[in-house]
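Data file: coords07.cif. Format and content: mmCIF, C-alpha atoms.
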data_target
#
loop_
_atom_site.group_PDB
_atom_site.id
_atom_site.type_symbol
_atom_site.label_atom_id
_atom_site.label_comp_id
_atom_site.auth_asym_id
_atom_site.auth_seq_id
_atom_site.Cartn_x
_atom_site.Cartn_y
_atom_site.Cartn_z
ATOM 1 C CA MET W 1 221.900 134.721 184.445
ATOM 2 C CA LYS W 2 220.610 131.143 184.914
ATOM 3 C CA LYS W 3 217.030 132.223 184.195
ATOM 4 C CA GLN W 4 218.177 133.921 181.002
ATOM 5 C CA LYS W 5 220.004 130.743 179.918
ATOM 6 C CA ASP W 6 216.937 128.600 180.765
ATOM 7 C CA ASN W 7 214.745 130.906 178.661
ATOM 8 C CA PHE W 8 217.223 130.662 175.792
ATOM 9 C CA ILE W 9 217.228 126.844 175.971
ATOM 10 C CA ARG W 10 213.407 126.766 176.133
ATOM 11 C CA ARG W 11 213.027 129.143 173.170
ATOM 12 C CA ARG W 12 215.616 127.282 171.090
ATOM 13 C CA GLY W 13 213.756 124.027 171.704
ATOM 14 C CA GLU W 14 210.424 125.614 170.732
ATOM 15 C CA LEU W 15 211.889 126.965 167.477
ATOM 16 C CA PHE W 16 213.428 123.583 166.672
ATOM 17 C CA ALA W 17 210.097 121.868 167.406
ATOM 18 C CA GLU W 18 208.191 124.361 165.234
ATOM 19 C CA LEU W 19 210.543 123.677 162.317
ATOM 20 C CA PHE W 20 210.006 119.951 162.851
ATOM 21 C CA LEU W 21 206.223 120.377 162.876
ATOM 22 C CA GLN W 22 206.414 122.358 159.625
ATOM 23 C CA GLU W 23 208.259 119.428 158.037
ATOM 24 C CA LEU W 24 205.222 117.246 158.795
ATOM 25 C CA ASN W 25 203.091 119.408 156.426
ATOM 26 C CA PRO W 26 200.293 120.388 158.812
ATOM 27 C CA PHE W 27 197.200 122.311 157.759
ATOM 28 C CA PHE W 28 198.057 124.849 160.475
ATOM 29 C CA ILE W 29 200.382 125.519 163.420
ATOM 30 C CA LEU W 30 199.327 127.954 166.133
ATOM 31 C CA SER W 31 201.823 128.949 168.792
ATOM 32 C CA GLN W 32 200.595 129.811 172.264
ATOM 33 C CA GLN W 33 201.192 133.411 173.298
ATOM 34 C CA VAL W 34 199.915 132.896 176.832
ATOM 35 C CA ASP W 35 201.131 130.548 179.526
ATOM 36 C CA SER W 36 199.093 127.387 179.077
ATOM 37 C CA SER W 37 199.585 123.652 179.339
ATOM 38 C CA TYR W 38 200.832 123.395 175.741
ATOM 39 C CA ASP W 39 203.069 125.294 173.319
ATOM 40 C CA PHE W 40 201.374 124.679 169.960
ATOM 41 C CA LEU W 41 198.048 123.660 168.514
ATOM 42 C CA VAL W 42 198.542 121.856 165.225
ATOM 43 C CA GLY W 43 196.102 120.425 162.675
ATOM 44 C CA PHE W 44 196.705 117.789 160.013
ATOM 45 C CA PRO W 45 194.403 117.041 157.089
ATOM 46 C CA ASN W 46 192.878 113.593 157.397
ATOM 47 C CA PRO W 47 191.797 111.221 154.610
ATOM 48 C CA TYR W 48 188.106 112.032 155.233
ATOM 49 C CA GLY W 49 188.377 115.732 154.405
ATOM 50 C CA GLY W 50 188.578 116.890 158.009
ATOM 51 C CA ILE W 51 191.361 118.077 160.277
ATOM 52 C CA ASN W 52 192.934 116.155 163.151
ATOM 53 C CA ASN W 53 193.929 118.585 165.927
ATOM 54 C CA TYR W 54 196.663 118.023 168.506
ATOM 55 C CA THR W 55 198.184 120.046 171.297
ATOM 56 C CA VAL W 56 201.968 119.975 171.396
ATOM 57 C CA GLU W 57 204.020 120.386 174.550
ATOM 58 C CA VAL W 58 207.726 121.084 173.985
ATOM 59 C CA LYS W 59 210.377 120.286 176.580
ATOM 60 C CA SER W 60 213.890 121.576 175.924
ATOM 61 C CA THR W 61 217.017 120.168 177.520
ATOM 62 C CA GLU W 62 220.773 120.237 177.226
ATOM 63 C CA CYS W 63 220.956 116.781 178.813
ATOM 64 C CA HIS W 64 221.079 113.463 177.000
ATOM 65 C CA VAL W 65 217.619 112.043 176.261
ATOM 66 C CA GLY W 66 217.366 108.276 176.279
ATOM 67 C CA SER W 67 214.267 106.117 175.869
ATOM 68 C CA GLU W 68 212.247 108.092 178.415
ATOM 69 C CA TYR W 69 211.776 111.633 179.672
ATOM 70 C CA ARG W 70 210.714 112.568 183.212
ATOM 71 C CA LEU W 71 207.749 114.930 183.157
ATOM 72 C CA ASN W 72 205.889 116.611 185.992
ATOM 73 C CA ALA W 73 202.973 114.275 186.785
ATOM 74 C CA LYS W 74 200.447 117.110 187.130
ATOM 75 C CA GLN W 75 201.366 118.471 183.712
ATOM 76 C CA TYR W 76 201.193 114.957 182.252
ATOM 77 C CA GLU W 77 197.693 114.438 183.622
ATOM 78 C CA ILE W 78 196.500 117.797 182.255
ATOM 79 C CA LEU W 79 197.771 116.866 178.782
ATOM 80 C CA ALA W 80 196.596 113.247 178.937
ATOM 81 C CA ASN W 81 193.081 114.056 180.106
ATOM 82 C CA SER W 82 192.278 116.863 177.681
ATOM 83 C CA ASN W 83 189.695 116.554 174.937
ATOM 84 C CA ILE W 84 192.413 117.172 172.318
ATOM 85 C CA PRO W 85 195.183 114.551 171.989
ATOM 86 C CA ALA W 86 198.606 115.760 173.107
ATOM 87 C CA LEU W 87 201.986 115.214 171.525
ATOM 88 C CA LEU W 88 205.082 115.623 173.687
ATOM 89 C CA LEU W 89 208.216 116.774 171.844
ATOM 90 C CA VAL W 90 211.486 116.639 173.771
ATOM 91 C CA VAL W 91 214.295 118.614 172.166
ATOM 92 C CA ASP W 92 217.951 117.989 172.990
ATOM 93 C CA VAL W 93 219.274 121.440 172.037
ATOM 94 C CA LYS W 94 222.937 120.405 172.369
ATOM 95 C CA GLU W 95 222.672 117.476 169.977
ATOM 96 C CA ASN W 96 219.861 118.943 167.817
ATOM 97 C CA LYS W 97 217.790 115.811 168.326
ATOM 98 C CA ILE W 98 214.063 115.559 168.824
ATOM 99 C CA PHE W 99 212.023 112.850 170.513
ATOM 100 C CA TYR W 100 208.253 112.339 170.697
ATOM 101 C CA SER W 101 205.541 110.613 172.652
ATOM 102 C CA LEU W 102 201.777 110.615 172.467
ATOM 103 C CA VAL W 103 200.488 111.494 175.923
ATOM 104 C CA ILE W 104 197.790 108.995 176.902
ATOM 105 C CA PRO W 105 195.837 108.707 180.149
ATOM 106 C CA TYR W 106 196.596 105.948 182.626
ATOM 107 C CA ALA W 107 193.895 103.941 184.389
ATOM 108 C CA GLU W 108 194.819 105.274 187.810
ATOM 109 C CA LYS W 109 196.080 108.578 189.111
ATOM 110 C CA VAL W 110 199.849 108.921 189.097
ATOM 111 C CA LYS W 111 201.041 108.964 192.701
ATOM 112 C CA SER W 112 204.566 110.348 192.230
ATOM 113 C CA SER W 113 205.551 113.923 191.397
ATOM 114 C CA THR W 114 207.081 112.923 188.046
ATOM 115 C CA ILE W 115 206.372 110.278 185.464
ATOM 116 C CA ALA W 116 208.786 108.544 183.097
ATOM 117 C CA VAL W 117 207.312 109.039 179.633
ATOM 118 C CA PRO W 118 208.628 106.678 176.929
ATOM 119 C CA VAL W 119 209.963 108.697 173.976
ATOM 120 C CA ILE W 120 211.064 107.788 170.465
ATOM 121 C CA GLU W 121 213.914 109.539 168.690
ATOM 122 C CA ILE W 122 212.905 111.150 165.411
ATOM 123 C CA THR W 123 214.684 109.728 162.385
ATOM 124 C CA ASP W 124 213.645 110.182 158.759
ATOM 125 C CA ALA W 125 211.688 106.900 158.855
ATOM 126 C CA VAL W 126 210.038 107.729 162.200
ATOM 127 C CA LYS W 127 209.146 111.218 160.960
ATOM 128 C CA LYS W 128 207.383 109.793 157.907
ATOM 129 C CA GLU W 129 205.506 107.240 160.023
ATOM 130 C CA LEU W 130 204.493 109.895 162.575
ATOM 131 C CA GLN W 131 203.237 112.185 159.803
ATOM 132 C CA GLN W 132 201.040 109.400 158.420
ATOM 133 C CA GLN W 133 199.706 108.548 161.883
ATOM 134 C CA LEU W 134 198.879 112.178 162.687
ATOM 135 C CA GLN W 135 196.946 112.414 159.444
ATOM 136 C CA ARG W 136 195.021 109.204 160.149
ATOM 137 C CA GLY W 137 193.980 110.452 163.579
ATOM 138 C CA PRO W 138 194.469 109.987 167.304
ATOM 139 C CA MET W 139 192.886 106.538 167.424
ATOM 140 C CA GLU W 140 195.575 105.368 165.000
ATOM 141 C CA LEU W 141 198.341 106.836 167.149
ATOM 142 C CA HIS W 142 197.578 104.735 170.169
ATOM 143 C CA PRO W 143 194.900 102.056 170.464
ATOM 144 C CA ALA W 144 194.569 102.810 174.196
ATOM 145 C CA MET W 145 192.763 106.030 173.274
ATOM 146 C CA ASN W 146 189.864 103.850 172.083
ATOM 147 C CA LEU W 147 189.569 102.142 175.456
ATOM 148 C CA GLN W 148 187.093 102.969 178.151
ATOM 149 C CA GLN W 149 188.511 104.234 181.461
ATOM 150 C CA ALA W 150 188.395 100.777 183.042
ATOM 151 C CA GLU W 151 190.354 99.269 180.121
ATOM 152 C CA ARG W 152 193.232 101.781 180.067
ATOM 153 C CA PRO W 153 196.739 100.511 180.781
ATOM 154 C CA ALA W 154 198.002 100.678 184.342
ATOM 155 C CA HIS W 155 200.601 103.280 185.254
ATOM 156 C CA PRO W 156 204.062 101.614 185.105
#
Kindly transcribe the structure held in the file into structure tokens.
Amino acid sequence: MKKQKDNFIRRRGELFAELFLQELNPFFILSQQVDSSYDFLVGFPNPYGGINNYTVEVKSTECHVGSEYRLNAKQYEILANSNIPALLLVVDVKENKIFYSLVIPYAEKVKSSTIAVPVIEITDAVKKELQQQLQRGPMELHPAMNLQQAERPAHP
């Protein structure tokens, strides 16, 4: 019974996240049909005539989400160290709220089993800003992505 409820919560969060992504007017949204490290691949037209691609990992919860979300460190490192930038969407399925974070690599390996990822609640203003940033590209989302390994921020 618990597994069935967990699957329902996960699926509800994925559907909510997909609707949110559609509101951002992407060029495409592909959902993953196999078990992988992300749930969606999404592309946004950029001002240069190309497409900015992002992987999207969705985490669904019935618990309150504050300014951070605890994520499995191994999963974080897989997302952060991929060649395609990753967007983390955390969905509070009880409150119908969505939060986001761009997953960026840290300078050193995370030594704990989980990592506190700072997240921002999506409001109308935040949604518009995020849409513009996704269209401009990953370097606009977080300046740390432009840094060499030695210049990346330290893990908090």
What are the nearest atom pairs, with distances in Å to one decimal, for all residues of region 70-134 of chain W that come at most 6 Å from region 44-66 of chain W, using all atoms listed in the file, set out by chain and rising residue number as JSON lines?
{"residue": "W:Ile84", "atom": "CA", "partner": "W:Tyr54", "partner_atom": "CA", "distance": 5.8}
{"residue": "W:Pro85", "atom": "CA", "partner": "W:Tyr54", "partner_atom": "CA", "distance": 5.1}
{"residue": "W:Ala86", "atom": "CA", "partner": "W:Thr55", "partner_atom": "CA", "distance": 4.7}
{"residue": "W:Leu87", "atom": "CA", "partner": "W:Val56", "partner_atom": "CA", "distance": 4.8}
{"residue": "W:Leu88", "atom": "CA", "partner": "W:Glu57", "partner_atom": "CA", "distance": 5.0}
{"residue": "W:Leu89", "atom": "CA", "partner": "W:Val58", "partner_atom": "CA", "distance": 4.8}
{"residue": "W:Val90", "atom": "CA", "partner": "W:Lys59", "partner_atom": "CA", "distance": 4.7}
{"residue": "W:Val91", "atom": "CA", "partner": "W:Ser60", "partner_atom": "CA", "distance": 4.8}
{"residue": "W:Asp92", "atom": "CA", "partner": "W:Thr61", "partner_atom": "CA", "distance": 5.1}
{"residue": "W:Val93", "atom": "CA", "partner": "W:Glu62", "partner_atom": "CA", "distance": 5.5}
{"residue": "W:Lys94", "atom": "CA", "partner": "W:Glu62", "partner_atom": "CA", "distance": 5.3}
Residue neighbourhood Glu68 (chain W), 6 Å, all atoms listed in the file, exclusion window fewer than 2 positions, as JSON, numbers by chain: {"W": [66, 116, 117, 118, 119]}
Separation of CA of Asn7 (chain W) from CA of Val34 (chain W), in Å and rounded to one decimal: 15.1 Å
Length of the CA of Ser36 (chain W) to CA of Arg10 (chain W) vector [Å]: 14.6 Å
CA of Gln22 (chain W) to CA of Asp35 (chain W), distance in Å rounded to a single decimal: 22.2 Å
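Once the PyMOL selection byres ((chain W and resi 127) around 12) is applied to the shown structure, the selection contains Phe20, Leu21, Gln22, Glu23, Leu24, Asn25, Ile98, Phe99, Tyr100, Ile120, Glu121, Ile122, Thr123, Asp124, Ala125, Val126, Lys128, Glu129, Leu130, Gln131, Gln132, Gln133 and Leu134 of chain W.
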Test item: the PyMOL selection byres ((chain W and resi 77) around 10) resolved as number ranges by chain: W: 72-76, 78-82, 103-106, 109-110, 115
